[in-house]
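Structure below is my_file.tsv: TSV, C-alpha atoms.
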chain	number	residue	atom	x	y	z
A	1	MET	CA	-12.18	31.70	170.41
A	2	LEU	CA	-11.22	35.26	169.63
A	3	LYS	CA	-7.64	36.45	169.64
A	4	GLN	CA	-6.51	39.02	172.17
A	5	THR	CA	-6.13	41.60	169.38
A	6	ASP	CA	-9.70	40.97	168.22
A	7	VAL	CA	-11.04	41.60	171.71
A	8	ARG	CA	-8.89	44.73	172.00
A	9	ASP	CA	-10.32	46.08	168.73
A	10	VAL	CA	-13.91	45.38	169.78
A	11	ALA	CA	-13.34	46.89	173.23
A	12	ARG	CA	-11.63	49.96	171.78
A	13	ASP	CA	-14.55	50.55	169.42
A	14	ILE	CA	-17.12	50.25	172.20
A	15	PHE	CA	-15.36	52.28	174.89
A	16	SER	CA	-14.11	55.04	172.59
A	17	ARG	CA	-17.63	55.54	171.25
A	18	ALA	CA	-19.26	55.36	174.71
A	19	LEU	CA	-16.81	57.72	176.42
A	20	GLY	CA	-15.84	60.00	173.56
A	21	PRO	CA	-12.53	61.70	172.89
A	22	ASP	CA	-12.73	63.85	176.03
A	23	ARG	CA	-12.73	60.87	178.40
A	24	PHE	CA	-11.26	57.86	176.56
A	25	ASP	CA	-7.47	57.71	176.24
A	26	HIS	CA	-6.63	54.09	175.40
A	27	LEU	CA	-6.98	50.52	176.60
A	28	ASP	CA	-5.03	47.30	176.80
A	29	VAL	CA	-6.32	43.73	176.90
A	30	GLU	CA	-4.58	40.78	178.50
A	31	LEU	CA	-5.53	37.15	178.73
A	32	GLY	CA	-5.52	35.52	182.13
A	33	ARG	CA	-7.50	33.52	184.63
A	34	ASP	CA	-10.04	34.96	187.02
A	35	HIS	CA	-10.33	34.15	190.73
A	36	TYR	CA	-12.13	30.90	189.85
A	37	GLY	CA	-9.36	29.88	187.45
A	38	ASP	CA	-11.53	30.43	184.37
A	39	PRO	CA	-9.94	31.91	181.24
A	40	SER	CA	-10.83	35.61	181.03
A	41	PHE	CA	-9.97	38.90	179.41
A	42	PHE	CA	-8.65	41.76	181.50
A	43	VAL	CA	-9.29	45.19	180.01
A	44	ALA	CA	-7.21	48.05	181.39
A	45	LEU	CA	-9.17	51.19	180.52
A	46	TYR	CA	-7.12	54.39	180.65
A	47	LEU	CA	-9.08	57.61	181.01
A	48	LYS	CA	-8.07	61.20	180.34
A	49	PRO	CA	-7.45	63.84	183.01
A	50	GLY	CA	-10.55	65.35	184.56
A	51	VAL	CA	-12.74	62.26	184.39
A	52	ASP	CA	-14.77	61.90	187.57
A	53	PRO	CA	-14.25	58.39	189.04
A	54	ARG	CA	-17.82	58.51	190.35
A	55	ASP	CA	-19.19	58.84	186.80
A	56	VAL	CA	-19.69	55.15	186.05
A	57	ALA	CA	-22.88	54.99	183.98
A	58	ASP	CA	-21.29	55.16	180.51
A	59	THR	CA	-18.47	52.82	181.47
A	60	SER	CA	-20.91	50.31	182.93
A	61	ARG	CA	-23.08	50.38	179.81
A	62	ALA	CA	-20.01	49.96	177.61
A	63	HIS	CA	-18.84	47.01	179.72
A	64	ALA	CA	-22.25	45.36	179.32
A	65	GLU	CA	-22.16	46.05	175.56
A	66	LEU	CA	-18.68	44.51	175.35
A	67	ARG	CA	-19.87	41.38	177.16
A	68	GLN	CA	-22.87	41.05	174.83
A	69	ARG	CA	-20.79	41.67	171.70
A	70	LEU	CA	-18.33	38.95	172.76
A	71	LEU	CA	-21.19	36.54	173.39
A	72	ASP	CA	-22.58	37.37	169.94
A	73	LEU	CA	-19.15	36.44	168.54
A	74	ASP	CA	-19.33	33.07	170.37
A	75	GLU	CA	-16.72	34.14	172.92
A	76	ASP	CA	-17.44	32.75	176.39
A	77	ARG	CA	-14.51	34.31	178.26
A	78	PHE	CA	-15.63	37.14	180.53
A	79	PRO	CA	-14.13	40.63	180.07
A	80	TYR	CA	-13.14	42.21	183.38
A	81	VAL	CA	-12.58	45.98	183.22
A	82	ARG	CA	-10.30	48.03	185.46
A	83	LYS	CA	-10.33	51.80	185.10
A	84	HIS	CA	-7.10	53.78	185.36
A	85	PHE	CA	-7.21	57.52	186.05
A	86	PRO	CA	-4.34	59.96	185.54
A	87	GLY	CA	-2.52	60.39	188.83
A	88	ASP	CA	-3.47	56.96	190.18
A	89	GLU	CA	-0.83	55.85	192.60
A	90	ILE	CA	0.43	52.35	193.13
A	91	LEU	CA	0.83	52.01	196.85
A	92	GLY	CA	3.73	49.96	198.14
A	93	ASP	CA	3.84	47.48	200.97
A	94	ASP	CA	3.99	49.36	204.27
A	95	GLU	CA	6.19	46.66	205.78
A	96	ALA	CA	8.86	47.31	203.14
A	97	GLU	CA	9.32	50.80	204.57
A	98	THR	CA	9.93	49.57	208.10
A	99	PRO	CA	13.66	49.82	209.02
Take the structure in the file and write it out as C-alpha cells.
Amino acid sequence: MLKQTDVRDVARDIFSRALGPDRFDHLDVELGRDHYGDPSFFVALYLKPGVDPRDVADTSRAHAELRQRLLDLDEDRFPYVRKHFPGDEILGDDEAETP
C-alpha cells in the first residue's frame, strides 16, 4: 500500500503536467472511505482563476492516468477527484438561517 504522501506526489505530477501552470494551482490528498465503506483516496484539485468548469477533458484524462498509475504501483484504493475553483462558495444550511 502506498502512503498518502506517495499518492500526493504521483497525483501532483500527473495533474500539473496535464493542466499546466495556467490551470493547476495545487492539490491535497486525504485517506478515507467511499460510500461503500472501501478505503479510498480523496484528491482535492485546486485550479487557478479563469479555468472553465465545463472544460473537463484534460482533468478526466489525468484522473484516468492517476488510476492506472496507482494500479501499476499495486495500489487498489480508488482515487476520487473533486475540483475546486476560485470563488467556490460553501453554502450553509438554509434552516440555520430561519429565526
Using all atoms listed in the file, which of the listed residues (A:Val29, A:Val81, A:Val43, A:Pro53) sits closest to Thr5 of chain A?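 Once distances to Thr5 of chain A are computed over all atoms listed in the file, the minimum belongs to A:Val29.
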Residues within 10 Å of Arg17 of chain A, please, as a ChimeraX atom specification. Count only C-alpha atoms; anything in the same chain fewer than 6 positions from it doesn't count. /A:11,24,58,62
Residues within 9 Å of Leu31 of chain A, all atoms listed in the file, excluding chain neighbours under 2 positions, as a PDB file with C-alpha atoms, in the frame of the given file:
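And here's part-v8.pdb as it stands now:
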ATOM      1  CA  GLN A   4      -6.510  39.020 172.170  1.00  0.00           C
ATOM      2  CA  VAL A  29      -6.320  43.730 176.900  1.00  0.00           C
ATOM      3  CA  ARG A  33      -7.500  33.520 184.630  1.00  0.00           C
ATOM      4  CA  PRO A  39      -9.940  31.910 181.240  1.00  0.00           C
ATOM      5  CA  SER A  40     -10.830  35.610 181.030  1.00  0.00           C
ATOM      6  CA  PHE A  41      -9.970  38.900 179.410  1.00  0.00           C
ATOM      7  CA  PHE A  42      -8.650  41.760 181.500  1.00  0.00           C
ATOM      8  CA  VAL A  43      -9.290  45.190 180.010  1.00  0.00           C
TER       9      VAL A  43
END
Rank nothing, just name the residue among A:Pro79, A:Asp88, A:His26, A:Leu19 nearest to Val56 of chain A, using only C-alpha atoms.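 Closest to Val56 of chain A of all the choices is A:Leu19.
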Which of these, A:Leu2, A:Tyr46, A:Tyr36, A:Arg12, has the shortest distance to Leu71 of chain A once you count only C-alpha atoms? A:Leu2
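Across the structure, atom CA of Asp22 of chain A and atom CA of Val51 of chain A are spaced 8.5 Å apart.
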Nearest residue to Arg8 of chain A from the set A:Asp76, A:Arg54, A:Arg61, A:Leu45 (distances using all atoms listed in the file):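 With all atoms listed in the file as the atom set, the closest residue is A:Leu45.
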Between A:Val7, A:Ala57, A:Ala44, A:Ala18, which has the minimum distance to Glu75 of chain A (counting all atoms listed in the file)? A:Val7
Which one of A:Phe78, A:Glu30, A:Asp25, A:Gly20 sits closest to Lys3 of chain A if you count all atoms listed in the file? A:Glu30
Straight-line distance linking atom CA of Arg69 of chain A with atom CA of Asp52 of chain A, stated in Å to one decimal: 26.4 Å
If you measure from atom CA of Phe85 of chain A to atom CA of Asp6 of chain A, what distance in Å do you get, rounded to one decimal? 24.5 Å
